[in-house]
$ cat work.cif   # mmCIF, C-alpha atoms
data_query
#
loop_
_atom_site.group_PDB
_atom_site.id
_atom_site.type_symbol
_atom_site.label_atom_id
_atom_site.label_comp_id
_atom_site.auth_asym_id
_atom_site.auth_seq_id
_atom_site.Cartn_x
_atom_site.Cartn_y
_atom_site.Cartn_z
ATOM 1 C CA MET A 1 32.211 -0.093 -17.161
ATOM 2 C CA TYR A 2 31.103 -2.552 -14.437
ATOM 3 C CA ARG A 3 28.464 -0.110 -13.183
ATOM 4 C CA GLN A 4 27.075 0.227 -16.726
ATOM 5 C CA GLN A 5 26.891 -3.556 -17.071
ATOM 6 C CA LEU A 6 25.190 -3.851 -13.695
ATOM 7 C CA TYR A 7 22.641 -1.183 -14.657
ATOM 8 C CA LYS A 8 22.092 -2.820 -18.035
ATOM 9 C CA GLN A 9 21.355 -6.150 -16.347
ATOM 10 C CA MET A 10 18.696 -4.566 -14.167
ATOM 11 C CA SER A 11 16.879 -2.476 -16.794
ATOM 12 C CA ILE A 12 13.144 -2.631 -17.291
ATOM 13 C CA GLU A 13 13.684 -3.567 -20.936
ATOM 14 C CA ASP A 14 15.482 -6.710 -19.792
ATOM 15 C CA ASP A 15 12.838 -7.528 -17.186
ATOM 16 C CA ILE A 16 9.986 -7.325 -19.700
ATOM 17 C CA LYS A 17 12.105 -8.777 -22.508
ATOM 18 C CA SER A 18 11.509 -5.814 -24.783
ATOM 19 C CA THR A 19 12.916 -6.172 -28.269
ATOM 20 C CA ILE A 20 12.814 -2.422 -28.941
ATOM 21 C CA LYS A 21 14.361 0.553 -27.205
ATOM 22 C CA LEU A 22 11.659 2.359 -25.277
ATOM 23 C CA LYS A 23 11.274 6.120 -25.222
ATOM 24 C CA GLU A 24 11.963 7.524 -21.772
ATOM 25 C CA ASP A 25 8.322 8.396 -21.038
ATOM 26 C CA GLN A 26 7.205 4.887 -22.075
ATOM 27 C CA LYS A 27 10.016 3.334 -20.094
ATOM 28 C CA THR A 28 9.069 5.366 -17.020
ATOM 29 C CA MET A 29 5.397 4.404 -17.121
ATOM 30 C CA ILE A 30 6.133 0.723 -17.731
ATOM 31 C CA ASN A 31 8.782 0.765 -15.021
ATOM 32 C CA LEU A 32 6.398 2.330 -12.492
ATOM 33 C CA LEU A 33 3.622 -0.160 -13.255
ATOM 34 C CA TYR A 34 5.980 -3.126 -13.286
ATOM 35 C CA THR A 35 7.616 -2.051 -10.031
ATOM 36 C CA SER A 36 4.249 -1.425 -8.392
ATOM 37 C CA ASN A 37 3.151 -4.957 -9.227
ATOM 38 C CA TRP A 38 6.516 -6.355 -8.105
ATOM 39 C CA LEU A 39 6.185 -4.603 -4.750
ATOM 40 C CA LYS A 40 2.633 -5.863 -4.309
ATOM 41 C CA GLU A 41 3.727 -9.445 -5.040
ATOM 42 C CA LYS A 42 6.553 -9.157 -2.508
ATOM 43 C CA SER A 43 4.084 -7.972 0.146
ATOM 44 C CA MET A 44 1.302 -10.477 -0.457
ATOM 45 C CA GLY A 45 2.904 -13.296 1.538
ATOM 46 C CA PHE A 46 2.636 -11.817 4.986
ATOM 47 C CA PHE A 47 -0.792 -10.307 4.274
ATOM 48 C CA LYS A 48 -2.010 -13.728 3.135
ATOM 49 C CA ASP A 49 -0.545 -15.300 6.288
ATOM 50 C CA SER A 50 -2.732 -12.883 8.288
ATOM 51 C CA ASP A 51 -5.797 -13.503 6.094
ATOM 52 C CA LEU A 52 -5.719 -9.912 4.828
ATOM 53 C CA THR A 53 -5.490 -8.213 1.480
ATOM 54 C CA SER A 54 -3.274 -5.171 1.074
ATOM 55 C CA GLU A 55 -6.441 -3.052 0.755
ATOM 56 C CA GLN A 56 -7.843 -4.403 4.032
ATOM 57 C CA TYR A 57 -4.490 -3.713 5.689
ATOM 58 C CA ASN A 58 -4.640 -0.164 4.344
ATOM 59 C CA VAL A 59 -8.129 0.342 5.853
ATOM 60 C CA LEU A 60 -6.920 -0.947 9.228
ATOM 61 C CA ARG A 61 -3.975 1.460 9.174
ATOM 62 C CA ILE A 62 -6.283 4.358 8.313
ATOM 63 C CA LEU A 63 -8.557 3.474 11.216
ATOM 64 C CA ARG A 64 -5.625 3.085 13.615
ATOM 65 C CA GLY A 65 -4.530 6.559 12.557
ATOM 66 C CA GLN A 66 -7.870 7.890 13.791
ATOM 67 C CA LYS A 67 -6.587 7.257 17.355
ATOM 68 C CA GLY A 68 -9.907 5.963 18.667
ATOM 69 C CA ASN A 69 -12.073 8.392 16.706
ATOM 70 C CA PRO A 70 -14.487 6.997 14.143
ATOM 71 C CA ALA A 71 -14.114 7.348 10.390
ATOM 72 C CA ASN A 72 -16.849 7.269 7.783
ATOM 73 C CA LEU A 73 -16.708 5.565 4.385
ATOM 74 C CA SER A 74 -15.794 8.727 2.483
ATOM 75 C CA THR A 75 -12.907 9.518 4.860
ATOM 76 C CA ILE A 76 -11.536 6.015 4.421
ATOM 77 C CA GLN A 77 -12.013 6.123 0.639
ATOM 78 C CA GLU A 78 -10.172 9.423 0.213
ATOM 79 C CA ARG A 79 -7.207 8.178 2.271
ATOM 80 C CA MET A 80 -6.896 4.786 0.609
ATOM 81 C CA LEU A 81 -3.897 3.997 -1.551
ATOM 82 C CA ASN A 82 -6.097 2.181 -4.071
ATOM 83 C CA LYS A 83 -8.999 4.547 -4.789
ATOM 84 C CA MET A 84 -10.693 1.896 -6.955
ATOM 85 C CA SER A 85 -11.358 -0.396 -4.005
ATOM 86 C CA ASN A 86 -14.936 -1.124 -2.972
ATOM 87 C CA THR A 87 -14.727 0.377 0.506
ATOM 88 C CA THR A 88 -18.088 -0.949 1.685
ATOM 89 C CA ARG A 89 -17.143 -4.511 0.731
ATOM 90 C CA LEU A 90 -13.750 -4.149 2.452
ATOM 91 C CA ILE A 91 -15.411 -2.908 5.646
ATOM 92 C CA ASP A 92 -17.947 -5.761 5.537
ATOM 93 C CA LYS A 93 -15.137 -8.326 5.301
ATOM 94 C CA LEU A 94 -13.225 -6.670 8.158
ATOM 95 C CA ILE A 95 -16.396 -6.713 10.295
ATOM 96 C CA LYS A 96 -16.777 -10.470 9.667
ATOM 97 C CA LYS A 97 -13.179 -10.912 10.846
ATOM 98 C CA GLU A 98 -14.015 -8.791 13.920
ATOM 99 C CA LEU A 99 -11.249 -6.313 13.066
ATOM 100 C CA VAL A 100 -13.584 -3.300 12.758
ATOM 101 C CA THR A 101 -17.062 -2.332 13.909
ATOM 102 C CA ARG A 102 -19.671 -0.188 12.240
ATOM 103 C CA GLN A 103 -22.359 1.766 14.052
ATOM 104 C CA THR A 104 -24.851 4.500 13.374
ATOM 105 C CA CYS A 105 -23.904 7.934 14.715
ATOM 106 C CA GLU A 106 -26.223 8.899 17.585
ATOM 107 C CA SER A 107 -26.337 12.598 16.624
ATOM 108 C CA ASN A 108 -26.840 11.957 12.880
ATOM 109 C CA ARG A 109 -28.683 8.723 12.088
ATOM 110 C CA ARG A 110 -27.644 8.906 8.404
ATOM 111 C CA LYS A 111 -23.949 8.818 9.305
ATOM 112 C CA ILE A 112 -22.155 5.478 9.724
ATOM 113 C CA GLU A 113 -19.092 5.439 11.974
ATOM 114 C CA ILE A 114 -16.366 2.838 11.614
ATOM 115 C CA TYR A 115 -13.945 1.928 14.391
ATOM 116 C CA ILE A 116 -10.996 -0.428 14.584
ATOM 117 C CA THR A 117 -11.395 -3.116 17.263
ATOM 118 C CA ASN A 118 -8.793 -4.246 19.802
ATOM 119 C CA LYS A 119 -8.362 -7.375 17.690
ATOM 120 C CA GLY A 120 -7.620 -5.153 14.659
ATOM 121 C CA LEU A 121 -5.132 -3.078 16.665
ATOM 122 C CA LYS A 122 -3.385 -6.226 17.872
ATOM 123 C CA LEU A 123 -3.141 -7.618 14.348
ATOM 124 C CA LEU A 124 -1.569 -4.356 13.136
ATOM 125 C CA ALA A 125 0.847 -4.333 16.068
ATOM 126 C CA ASP A 126 1.858 -7.903 15.183
ATOM 127 C CA LEU A 127 2.375 -6.903 11.541
ATOM 128 C CA ASP A 128 4.283 -3.670 12.202
ATOM 129 C CA SER A 129 7.721 -5.251 12.527
ATOM 130 C CA VAL A 130 7.066 -7.642 9.630
ATOM 131 C CA VAL A 131 6.069 -4.737 7.380
ATOM 132 C CA ASP A 132 9.059 -2.661 8.534
ATOM 133 C CA ASP A 133 11.433 -5.546 7.821
ATOM 134 C CA ASN A 134 9.826 -6.079 4.415
ATOM 135 C CA ASN A 135 10.153 -2.368 3.569
ATOM 136 C CA LYS A 136 13.832 -2.408 4.539
ATOM 137 C CA GLU A 137 14.439 -5.528 2.454
ATOM 138 C CA LEU A 138 12.684 -4.114 -0.612
ATOM 139 C CA THR A 139 14.547 -0.795 -0.444
ATOM 140 C CA LYS A 140 17.955 -2.153 0.590
ATOM 141 C CA ASN A 141 19.552 -1.301 -2.768
ATOM 142 C CA LEU A 142 18.844 2.415 -2.238
ATOM 143 C CA ASN A 143 20.600 4.635 0.282
ATOM 144 C CA THR A 144 18.782 7.322 2.281
ATOM 145 C CA SER A 145 19.612 10.057 -0.216
ATOM 146 C CA GLU A 146 18.337 7.940 -3.112
ATOM 147 C CA LEU A 147 15.145 7.135 -1.213
ATOM 148 C CA GLU A 148 14.580 10.846 -0.536
ATOM 149 C CA THR A 149 15.173 11.663 -4.207
ATOM 150 C CA LEU A 150 12.846 8.884 -5.347
ATOM 151 C CA ASN A 151 10.106 10.139 -3.024
ATOM 152 C CA LYS A 152 10.529 13.719 -4.282
ATOM 153 C CA LEU A 153 10.383 12.559 -7.894
ATOM 154 C CA LEU A 154 7.281 10.441 -7.312
ATOM 155 C CA ASP A 155 5.605 13.362 -5.521
ATOM 156 C CA LYS A 156 6.555 15.646 -8.434
ATOM 157 C CA LEU A 157 5.191 13.157 -10.981
ATOM 158 C CA ARG A 158 1.748 13.323 -9.339
ATOM 159 C CA LYS A 159 1.584 17.130 -9.386
#
$ encode --input "work.cif" --output "structure tokens"
Amino acid sequence: MYRQQLYKQMSIEDDIKSTIKLKEDQKTMINLLYTSNWLKEKSMGFFKDSDLTSEQYNVLRILRGQKGNPANLSTIQERMLNKMSNTTRLIDKLIKKELVTRQTCESNRRKIEIYITNKGLKLLADLDSVVDDNNKELTKNLNTSELETLNKLLDKLRK
């Protein structure tokens, strides 16, 4: 009984103050969108403190993952979490902050190569523990098995 009351208190219908019972597919889509926005809001504080957006942070992580090798705009775009982002604009802003550099490839003058700078690597290193702590805090209500199940279900949803 207590578990049912606890679940009832934390339902998406309550959070959005729905006056009707949602069908499961509607409830799922609303819940995913609502939760996505909730997670983004919970992460904005430490990005803002570092003068970054979550999209800029994502680009920096992609470039760090290149392990010193350059990436081009299309590589970054296909790996981004938010595919709707204007990658060129994000790169331009990161260049102004001296977190990345852009240069023309010597062997193919039409190709632009983007690298993360030491300043960008240091910023990511400084943020790593903050992001890890934030992730732990946001997922603290789920145990490892539940997290694994959630990840499998989200992967399955996208198939």
$ resolve_selection --input "work.cif" --expression "the PyMOL selection byres ((chain A and resi 117-121) around 9)" --output "ChimeraX atom specification"
/A:60-61,64,94,97-101,115-116,122-126
$ write_last_selection --input "work.cif" --atoms "C-alpha atoms" --output "compact mmCIF listing (two decimals), in the coordinates of the input"
# COMPACT_ATOMS: atom_id res chain seq x y z
CA LEU A 60 -6.92 -0.95 9.23
CA ARG A 61 -3.98 1.46 9.17
CA ARG A 64 -5.62 3.08 13.62
CA LEU A 94 -13.22 -6.67 8.16
CA LYS A 97 -13.18 -10.91 10.85
CA GLU A 98 -14.02 -8.79 13.92
CA LEU A 99 -11.25 -6.31 13.07
CA VAL A 100 -13.58 -3.30 12.76
CA THR A 101 -17.06 -2.33 13.91
CA TYR A 115 -13.94 1.93 14.39
CA ILE A 116 -11.00 -0.43 14.58
CA LYS A 122 -3.38 -6.23 17.87
CA LEU A 123 -3.14 -7.62 14.35
CA LEU A 124 -1.57 -4.36 13.14
CA ALA A 125 0.85 -4.33 16.07
CA ASP A 126 1.86 -7.90 15.18
$ resolve_selection --input "work.cif" --expression "the PyMOL selection byres ((chain A and resi 73) around 8)" --output "list in words"
Ala71, Asn72, Ser74, Thr75, Ile76, Gln77, Thr87, Thr88, Ile112, Glu113 and Ile114 of chain A
$ resolve_selection --input "work.cif" --expression "the PyMOL selection byres ((chain A and resi 57) around 10)" --output "ChimeraX atom specification"
/A:47,50-56,58-63,90,94,120,123-124,127
$ closest_residue --input "work.cif" --among "A:Asn86, A:Arg110, A:Ile16, A:Ile91" --to "Leu33 in chain A" --atoms "all atoms listed in the file"
A:Ile16
$ atom_distance --input "work.cif" --atom1 "CA of Leu153 in chain A" --atom2 "CA of Glu24 in chain A"
14.8 Å
$ atom_distance --input "work.cif" --atom1 "CA of Arg109 in chain A" --atom2 "CA of Lys93 in chain A"
22.8 Å
$ decode --input "work.cif" --residues "range 121-159 of chain A" --atoms "N, CA and C atoms" --output "compact mmCIF listing (two decimals), in the first residue's frame"
# COMPACT_ATOMS: atom_id res chain seq x y z
N LEU A 121 40.84 20.89 -22.53
CA LEU A 121 41.07 19.64 -21.79
C LEU A 121 41.06 19.89 -20.28
N LYS A 122 41.66 21.00 -19.87
CA LYS A 122 41.68 21.32 -18.44
C LYS A 122 40.28 21.60 -17.92
N LEU A 123 39.50 22.34 -18.69
CA LEU A 123 38.12 22.62 -18.28
C LEU A 123 37.33 21.32 -18.11
N LEU A 124 37.47 20.41 -19.07
CA LEU A 124 36.77 19.12 -18.96
C LEU A 124 37.25 18.34 -17.74
N ALA A 125 38.55 18.33 -17.51
CA ALA A 125 39.09 17.63 -16.34
C ALA A 125 38.52 18.21 -15.05
N ASP A 126 38.39 19.54 -15.01
CA ASP A 126 37.81 20.20 -13.83
C ASP A 126 36.33 19.84 -13.67
N LEU A 127 35.64 19.64 -14.78
CA LEU A 127 34.20 19.33 -14.73
C LEU A 127 33.90 17.85 -14.50
N ASP A 128 34.85 16.99 -14.78
CA ASP A 128 34.60 15.54 -14.70
C ASP A 128 33.99 15.10 -13.38
N SER A 129 34.58 15.51 -12.27
CA SER A 129 34.06 15.07 -10.97
C SER A 129 32.72 15.71 -10.67
N VAL A 130 32.53 16.96 -11.11
CA VAL A 130 31.26 17.65 -10.89
C VAL A 130 30.14 16.93 -11.65
N VAL A 131 30.43 16.57 -12.91
CA VAL A 131 29.45 15.86 -13.73
C VAL A 131 29.17 14.47 -13.14
N ASP A 132 30.22 13.77 -12.72
CA ASP A 132 30.02 12.45 -12.10
C ASP A 132 29.15 12.55 -10.85
N ASP A 133 29.44 13.52 -10.01
CA ASP A 133 28.64 13.71 -8.79
C ASP A 133 27.19 14.04 -9.14
N ASN A 134 26.99 14.89 -10.15
CA ASN A 134 25.65 15.25 -10.58
C ASN A 134 24.91 14.01 -11.11
N ASN A 135 25.58 13.20 -11.91
CA ASN A 135 24.96 11.98 -12.44
C ASN A 135 24.54 11.04 -11.31
N LYS A 136 25.41 10.89 -10.33
CA LYS A 136 25.08 10.03 -9.18
C LYS A 136 23.89 10.57 -8.41
N GLU A 137 23.86 11.88 -8.23
CA GLU A 137 22.75 12.51 -7.50
C GLU A 137 21.43 12.33 -8.25
N LEU A 138 21.46 12.52 -9.56
CA LEU A 138 20.23 12.44 -10.35
C LEU A 138 19.71 11.01 -10.51
N THR A 139 20.59 10.03 -10.36
CA THR A 139 20.17 8.64 -10.52
C THR A 139 20.13 7.88 -9.19
N LYS A 140 20.23 8.59 -8.09
CA LYS A 140 20.34 7.94 -6.78
C LYS A 140 19.12 7.10 -6.40
N ASN A 141 17.96 7.38 -6.99
CA ASN A 141 16.76 6.62 -6.65
C ASN A 141 16.66 5.30 -7.41
N LEU A 142 17.62 5.04 -8.29
CA LEU A 142 17.64 3.79 -9.06
C LEU A 142 18.87 2.98 -8.68
N ASN A 143 18.67 1.66 -8.50
CA ASN A 143 19.83 0.81 -8.23
C ASN A 143 20.47 0.39 -9.56
N THR A 144 21.58 -0.30 -9.49
CA THR A 144 22.33 -0.67 -10.69
C THR A 144 21.48 -1.48 -11.65
N SER A 145 20.72 -2.42 -11.14
CA SER A 145 19.86 -3.25 -11.99
C SER A 145 18.80 -2.40 -12.69
N GLU A 146 18.22 -1.46 -11.97
CA GLU A 146 17.21 -0.58 -12.56
C GLU A 146 17.84 0.33 -13.62
N LEU A 147 19.04 0.81 -13.36
CA LEU A 147 19.73 1.64 -14.35
C LEU A 147 20.01 0.84 -15.62
N GLU A 148 20.46 -0.41 -15.45
CA GLU A 148 20.72 -1.27 -16.61
C GLU A 148 19.44 -1.52 -17.40
N THR A 149 18.35 -1.78 -16.70
CA THR A 149 17.06 -2.01 -17.36
C THR A 149 16.59 -0.76 -18.09
N LEU A 150 16.71 0.39 -17.44
CA LEU A 150 16.31 1.64 -18.07
C LEU A 150 17.12 1.88 -19.34
N ASN A 151 18.42 1.67 -19.28
CA ASN A 151 19.25 1.84 -20.47
C ASN A 151 18.86 0.89 -21.59
N LYS A 152 18.57 -0.36 -21.26
CA LYS A 152 18.14 -1.33 -22.27
C LYS A 152 16.81 -0.91 -22.90
N LEU A 153 15.89 -0.44 -22.07
CA LEU A 153 14.59 -0.01 -22.57
C LEU A 153 14.70 1.22 -23.45
N LEU A 154 15.53 2.16 -23.06
CA LEU A 154 15.73 3.37 -23.89
C LEU A 154 16.40 3.01 -25.21
N ASP A 155 17.37 2.09 -25.17
CA ASP A 155 18.01 1.63 -26.41
C ASP A 155 16.97 0.95 -27.31
N LYS A 156 16.12 0.13 -26.70
CA LYS A 156 15.09 -0.60 -27.46
C LYS A 156 14.08 0.37 -28.08
N LEU A 157 13.73 1.41 -27.34
CA LEU A 157 12.77 2.41 -27.84
C LEU A 157 13.28 3.05 -29.13
N ARG A 158 14.57 3.28 -29.23
CA ARG A 158 15.15 3.95 -30.40
C ARG A 158 15.35 3.02 -31.58
N LYS A 159 15.14 1.76 -31.44
CA LYS A 159 15.35 0.80 -32.54
C LYS A 159 14.22 0.86 -33.55
